[in-house]
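Data first, discussion second: the structure below is written as structure tokens.
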Amino acid sequence: MERLHWVQHRCRQLLAGDSERGWYSAPNGLPNKNFLDRHSSPQRVSGKRRTVFARHGPHQQEYEAASKKYKGNAIRTTKYSLLTFLPMNLFQQFHRAANLYFLFLALLNWVPVVEAFQKEITMIPLVVVLTVIAIKDALEDYRRYLFDKKVNNNVVRVFCSKQKTYVQKCWKDVQVGDFVRLSSNEIIPADLLLLYSSDPRGVCYIETSNLDGETNLKQRQVVSDLPFQGAELTLENFRSRIECENPNNDLSRFRGYMEHPNGVRVGLHNSNLLLRSCTIRNTETVVGIVVYAGHETKAMMNNSGPRYKRSQLEKRLNTDVLWCVVLLIVMCLTAAVGHGLWMKNLKDPIFQVDGETSPALAGFYVFWTMIIVLQVLIPISLYVSIEIVKLGQIYFIHNDLALYNEQLDSRIQCRALNITEDLGQIQYLFSDKTGTLTENKMVFRRCSIFGVEYPHEENARRLEVYEAEKTEAGGRSVTLKSGCSGKSLSCRSLSCNRSSVSLHTLTDEAEEEEEDQLTNHIQRKTSAFCSRVAREVVPDPMLVRKLNWLRSPVLTLSDGSSGTPSSLELTYITDFFLALAMCNSVVVSSPSQPRHQVPEARTPLKSLEEIKLMFQRFSFSPFSTLSPPQIRGSPHSFTSRLFARGKTGSFTFPTPPDNTTGRSEPGLEDQLETSKLDSLSRAEGKDAGGMEEREDGTTENTKMSPDERDYDDELLYEAESPDEAALVHAAQAYRCTLRGRSAESLLVDLPGIGSLVVQLLHILPFDSNRKRMSVVIRHPLSGQVVVYTKGADSVIMDLTETPKGADHAQEIYGHIREQTQKHLDSYARDGLRTLCIAKKVLEEEEYEVWLKRQLLAESSIENREELLLESAQRLETHLTLLGTTGILDRLQEEVPETIEALQRAGIKVWVLTGDKKETAINIAYACKLLRPNDQLLTASCGSKEACAALLQQLRLEVQHGEDSLTTGAGNHGKSSSDCGTGFVLVTDGCTLDWALQEDLKNDFVVLSCKCKAVICCRSTPLQKSQVVQLIRDQLGVMALAVGDGANDVSMIQVADVGIGISGQEGMQAVMSSDFAVSRFKHLRKLLLVHGRWCYSRLANMILYFIYKNVMYVNLLFWYQFFCGFSGSVMTNSWVLIFFNLLFTSVPPLIYGVLDRDTPADTLMELPELYQDTQSSKVYIPSMFWFTVLDAFYQSLVCFFVPYFAYAGSDVGDLSFGSPINASALLIILLHQVIESHTLTWIHVLVLVFSSSFYFGFVLLFSVICVTCSPPTNPLGVETLQMSQPLFYIVCALTTVTALLPRLLFRALHNTLHSSAALKSAQMDKEDSERYRRRMQCWNLKHSPANRVPVCVDNPDLEPNSASVMS
Amino acid sequence: MMASSYNAKEEDGHHSGAANHGGAGAVKSKKPDNTAFKQQRLPAWQPILTAGTVLPAFFVIGLIFIPIGIGLYVSSNNIKEFEVDYTGVDISSPCHPCAKNFSWNATTPCPCSVHFTLEQPFESNVFMYYGLSNFYQNHRRYVKSRDDSQLNGDRSALTNPSKECEPYRTSEGLPIAPCGAIANSLFNDTLKLYYIDSNGTRNEIPLVKKGIAWWTDKHVKFRNPGGNDNLTLAFKGTSKPVNWRKPVYELDPNDDDNNGFTNEDFIVWMRTAALPTFRKLYRIIQKKSGSTPTLPSGQYVLDITYNYPVLSFDGRKRMILSTISWMGGKNPFLGIAYITVGSICFFLGVVLLIIHHKYDTRNNSADIPN
């Protein structure tokens, strides 16, 4: 995937405006971006447009003139070249304040009067940091270089005019104006204008997963009206001129025109453009002309740098670093003043080296010297350490088994590397509903047609069984065999998450190698999950029976009571399923055939004409414009049809059909049919195609051979949204099967009729404004132009209207409408997603009129979108409501548990969804966000004033409720979130709009603060981000947003921590997130365990780091009091520099990566513990000062014990420093042992290594360093010191004395003020069974739902709970 | 600041890239390894410090420290030490005239004698120190002002001393050997000790002047330049330090091994003291065989050739006689400190024991319901 790092941010950039990006953009400017900017600037020169000619075409001169300025296709994403690396990299690095500080110190040391150490020594920290980062940069750049090289040397076939054929060329040699020929599965080397496709309709499919992670295929169209379309191009004679926009980064827009030699201009738009780095799919050959190449391609222009967020902790840290700066200055000033005074009192001493300097000046010099000497006080290396620690933390998060999804084979993705500890401080969680809380595996659950509800009980049972099976068996579900476990690469049914797969199919080379692996991936994934549950819709028996009337119209004679459908109802049902099957953008494919090819329509039993006539018999409707047809079905056809189905072999006799009414006698056949189907539908459930298979198996002369049947089973639907797929599968269950699709036609199987080619006139695709989509088709049976519309109930219900006509019809219609609305409401209450299906029959003239304007809109270049929208709206009026569907979107596993845990952890959970209120509330109930005894506050109002009043009223209500609660519950209602009842605010989009306005938002925030949870339904993506922003800014809290779709992107970006769920809806959310998980339940461990760990680890490490620096630096400071504040040190300067850089640098890192303050199990079981880190208990200012104070004390001990031990003796300065250094090292290391919560062999190893490294180093140094390192030549010092017992006596006393208070404090703190975390850690040590029992008791006592009042005779409960809550 | 350099994408890429390569052969899922390390389940010792767990440590420390402290205190008390301040600040002091009339340029040395009485005999080897107070040998500029290469016998450094030696680098155009402020301020008083026996005769006590410097300094760090035995030749072309009366090769004309840079008095001086009040080993008084004490109790005279001025910076000069033990010179601090810390630990141990009984046990039992 690293090959792709340069394109993956484009989505985010697209969706986040510049304004939103401001706050996380890197402070130092991203080199990547600068680089691109540099590259994109020159193209403005050539005016607003770019003109492209064929490179080898007849217009050679023009080509030369126009294309000279255009970039070639070679790309260079590297920042440096071999030559420029050093200067450029240094330049980049010195943009950082830390490096500047080092540089400043190093330069300061070059001033002779302030020189503290040898010059080279102060260079070391700088050099080390620069080298480390330069190596990292170089590696990154080298990787980029290799990738560029690989990409540039990819081979593609380019047309060569000399040889009049296509020759192989490297990508980098492709020029603007070249003709490029690509075949299936090849990657597009540059932005091409599609000129030819082997597909007869001039269509080409591309997969853009390299670009945006979306795996569904997108259709691209050959430039229309090309003179040579259809035949292979004669490229030598390509004389057309292409005018298009200058390169820009808008992936969804491309405008221009192509001017043919004869002056005709053809508009070009986005669907003609093949974008670089997408993959051609399912199209044998395409030819395109390069319009943008290399860095001017849209993919490259969207390449932006990584996102950068600064964590809360780091902000806090920065203030403490500032305090350190203050401390440093104070210390240096002290030294400066001290030196000045000391100088003043001296009269020509013999040890004075230059007595001429005035005391004031000398003091000034000493100030700077001291800054060099005490430089370590500013924990600059802390920043490097923090980065390393976060890397380690990320490593562990990434490797956590609990965050691994077996079924999708996906781990958590950590995309933002520097905010791990923010996970431990989340106070508000904003969640999307669909796909986040729920599976986003849409399953057709029930429907209502003609105002009649079909409850699909079997279907419901099946879903339950499936769920139970899944939860019980877990891993066993892998063995389930499903029809969609295809064998080839093209098995890409919608519900398989293929994000990981698509990564493998980037290049052809890779593909071949990985084919095996891939197949396995797919098989595992699909067989485990796939769309099994979505595909196998168990038909409702009643509906099947009704549908069968259609199939055996002969026998339809109502007996009145058994719900025999009227012919009107039959048309409704048929139309309903036709709409389900056709009104979508589902692409059909099957592994055995190239995808997206319309399979040959199997010859139906009778001519199409016959079928049409047959159907028209039933398609009479009161509002049909056609005159009632007078058709008679031929007896022969019925016989054969019955024969085809009649596997029972029962005797059937053809009955002449009734005319017009379509009612016929229910006979033997009917009963047989019904019972058969009933039993079938009951028996079924394992295999989608089972019903049909059975038929085939028993009948000799079926219309299809068994082979064809198999093929039919493997039909794969690839839809843009899971709802669509669910509906198509539902239709398939009723044998209304979508078999194939082409640009102009659809192939549909109809029950009992066989395959029909339906002429597809138009598709008006779904958009979120209209909230609906429509298809215009020529009805296969009636021949009329029919519009099928499918959309959100709110919209469709407004657009439908009672047809004018007979009173009777109107009455029926009104009834249908009423009933349907009732069903809609009940579906919503059950938490189903509802969609309405409607139909409209267009008269030919009407259609003609509309068509004209539609074509106009399509061909216009300016405001095409608006015109299209308008045109669509014109068409979608006066609809007839057919029915509604209820689609079940099941909750993901463990969602209620997770939400409960998060709430117990003190995180307020908000649900922001675009769904209906009822659905949202229902889901909220299901996931236990709402509890039965919670009070629901509903806010929905139409105007701002009403909204203001409502907010006030709700506030009062809450106030009142709280009062009654507190008085009622007595004095142990600690926090409202913990109480049995809470308030849950439910607001809709409109109200939210008002509430978010400037003057009302405070009220809204206050109100929502008091509520346990807030549910915002019908909210737009913008509102989602506004809500997050509002809460984040107004309350100053840490907000986490989690979502899975493109509509959550803005919310994810606004939040402090954005989490993307890699679900069914593409990758946008993941691309813009900081962390990407595959299930909602992963949040529990991610936040409660990893968040807390990361936070406490990092906080502890930072404190320790600061302690370490202050402690060590103060040793040097105290020495100044005994050397006349002259800036002397009692240590060898190498040891001094290495002390921080080498001897004590690794233990804090290990501490920061591996420390566990509380075991994971405890954290999972006691979410309340999260509140410790949430409220930043570990790293607060008082802790900082406490740490600094302790460091002061320790350094005092560490300095003055040796001082008094050696005072007055003949000790030399280095000999004096030796025990001080050694004990400082021991103190610092042992201090960490006291502070660590866990010690593993790694800790021990590192501690031992650190100390032995120190002792080894100084000993070796004191042996071999004869004249080096003047003036602090260590020769013989350490060896002599360590041979004397006094050294050890001093070290022991110093170490013990220094650590005593800390040890005492920890012990007392833990004993007297035992925090819950510690207690549970203690509990962990006790034997597990007792512990578990106790935990259960604890949970029972403290679970919010049934809180037991504290009893007087249960004294142990009170302190226990108090300590846990504190 | 540094974090900005991070490229989130790279990291992603890296991970999946790695997975890619790994999966080339066999089918490899992305499932993380279920190892104790990766799942953070490494067996760990959890030092939960409570009163109960810590109090044994306190008792142990107390029990170890108090005996050590007593031992240290006793051995420190057994050390005999005697100090004579001969600076001559006081008018009554015999060295007062010398101190008053000091000049570096004086050609004639100023002698003075100090009488003192040892109350107790010094049994073992006695170390004779000179002590200086308020002398900042650890001043940053002073400490730097030397050339280790030159002192190591490097010929090029001899003729071209390091710049650090400024302003004592050259004198009258010639390089100074040994250069620098430390060497220049070499302590140059001469001390002689006489025992006045019962009949009033002065018996000079033999002072050993070798073996006072560190072995490494004497044999590794300090070396005379050149290969020839003649030090005068070796130091040809160099100048003596400004304050010195005689050149470096005449520091001990009687003993070639103790002359030039390897002169032990010089070496001892060159080890700059850590603190402004310090002593430096001057001579050793070897224990005579038999049971006679090295220095019997009685009257002594210290003959001083007063050369070294300290009054200008309020310094003091002392002569110290001391025996040493395994732990060095006389220092009651360590013993007292050990005893104090040990007692505190013991006391805290008791306090913790009380706390432990009051709180820890209650917590532990209270947590277990019925």
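Residue names in the structure tokens use chain letters A, B, ... in the order shown, residue numbers from 1 in each chain, and ligand numbers from 1 in the order shown.
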
So that I can see what lies close to Asn125 of chain B, please list as a ChimeraX atom specification the residues with an atom at most 9 Å from it, counting only C-alpha atoms and leaving out residues fewer than 5 positions away in the same chain. /B:284-288,294-295,322-324

I need the residue nearest chain A from this list: B:Arg155, B:His219, B:Arg169, B:Arg140. Use only C-alpha atoms for the distance.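 Residue with the minimum atom-to-atom distance to chain A: B:Arg140.
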
If we count only C-alpha atoms and set the cut-off at 6 Å, which residues sit around segment 1080-1087 of chain A, ignoring sequence neighbours fewer than 4 positions away in its own chain? Please answer as a VMD selection string. chain A and resid 403 423 to 424 436 894 to 895 898 1091

Since we have the selection now, will you write its residues out, keeping all heavy atoms, as a compact mmCIF listing (two decimals), in the first residue's frame?
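Ended up saving to part35.txt:
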# COMPACT_ATOMS: atom_id res chain seq x y z
N LEU A 403 -8.72 -6.21 18.59
CA LEU A 403 -9.13 -5.23 17.59
C LEU A 403 -8.99 -5.80 16.18
O LEU A 403 -9.00 -5.08 15.21
CB LEU A 403 -8.29 -3.96 17.72
CG LEU A 403 -8.34 -3.30 19.09
CD1 LEU A 403 -7.49 -2.06 19.10
CD2 LEU A 403 -9.76 -2.95 19.44
N LEU A 423 -7.05 9.19 23.05
CA LEU A 423 -8.05 8.14 23.19
C LEU A 423 -8.42 7.92 24.65
O LEU A 423 -9.49 7.42 24.96
CB LEU A 423 -7.49 6.83 22.63
CG LEU A 423 -7.36 6.72 21.13
CD1 LEU A 423 -6.67 5.42 20.78
CD2 LEU A 423 -8.73 6.76 20.49
N GLY A 424 -7.54 8.31 25.52
CA GLY A 424 -7.81 8.10 26.93
C GLY A 424 -8.54 9.25 27.57
O GLY A 424 -8.77 9.25 28.77
N THR A 436 -22.37 2.03 11.59
CA THR A 436 -21.48 2.20 12.72
C THR A 436 -22.00 1.41 13.90
O THR A 436 -21.34 0.54 14.43
CB THR A 436 -21.39 3.70 13.08
OG1 THR A 436 -21.01 4.41 11.91
CG2 THR A 436 -20.37 3.92 14.15
N GLU A 894 -22.34 -6.82 20.04
CA GLU A 894 -21.82 -6.19 21.25
C GLU A 894 -21.97 -4.67 21.28
O GLU A 894 -21.26 -3.99 22.01
CB GLU A 894 -20.34 -6.54 21.47
CG GLU A 894 -20.15 -7.99 21.89
CD GLU A 894 -18.69 -8.33 22.09
OE1 GLU A 894 -17.99 -7.51 22.68
OE2 GLU A 894 -18.28 -9.40 21.64
N VAL A 895 -22.84 -4.16 20.44
CA VAL A 895 -23.02 -2.71 20.48
C VAL A 895 -23.63 -2.25 21.80
O VAL A 895 -23.12 -1.32 22.42
CB VAL A 895 -23.84 -2.23 19.27
CG1 VAL A 895 -24.32 -0.82 19.48
CG2 VAL A 895 -23.01 -2.31 18.02
N THR A 898 -21.07 -2.32 24.46
CA THR A 898 -20.07 -1.29 24.27
C THR A 898 -20.60 0.07 24.70
O THR A 898 -19.93 0.82 25.42
CB THR A 898 -19.65 -1.24 22.79
OG1 THR A 898 -19.27 -2.54 22.40
CG2 THR A 898 -18.51 -0.28 22.59
N GLY A 1091 -6.70 3.50 25.21
CA GLY A 1091 -6.74 4.93 25.46
C GLY A 1091 -6.17 5.25 26.83
O GLY A 1091 -5.30 6.10 26.99

Quick one: residues within 6 Å of Ser113 of chain B, only C-alpha atoms, excluding same-chain residues fewer than 2 positions away - as an MDAnalysis selection string? chainID B and resid 302:304

Can you tell me which residues surround Leu233 of chain B at a distance of at most 10 Å, considering only C-alpha atoms, apart from same-chain residues fewer than 6 positions away, and format the answer as a ChimeraX atom specification? /B:225-226,249

Put those residues in a file: N, CA and C atoms, as a compact mmCIF listing (two decimals), in the first residue's frame.
# COMPACT_ATOMS: atom_id res chain seq x y z
N PRO B 225 58.84 15.25 28.21
CA PRO B 225 58.98 15.19 26.76
C PRO B 225 60.31 14.57 26.35
N GLY B 226 60.33 14.08 25.14
CA GLY B 226 61.56 13.62 24.52
C GLY B 226 62.02 12.29 25.08
N TYR B 249 62.17 21.61 35.08
CA TYR B 249 63.14 20.51 35.18
C TYR B 249 64.02 20.66 36.41

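Across the model, the gap from atom CA of Thr1131 of chain A to atom CA of His339 of chain A is 20.1 Å.
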
Check segment 88-268 of chain B with DSSP on the backbone and list each residue it calls alpha helix (DSSP H), as a ChimeraX atom specification. /B:96-100,140-144,148-151,155-159,181-184,215-216,231-234,264-268

Atomic separation - atom CA of Tyr338 of chain B relative to atom CA of Leu1293 of chain A, Å: 6.8 Å
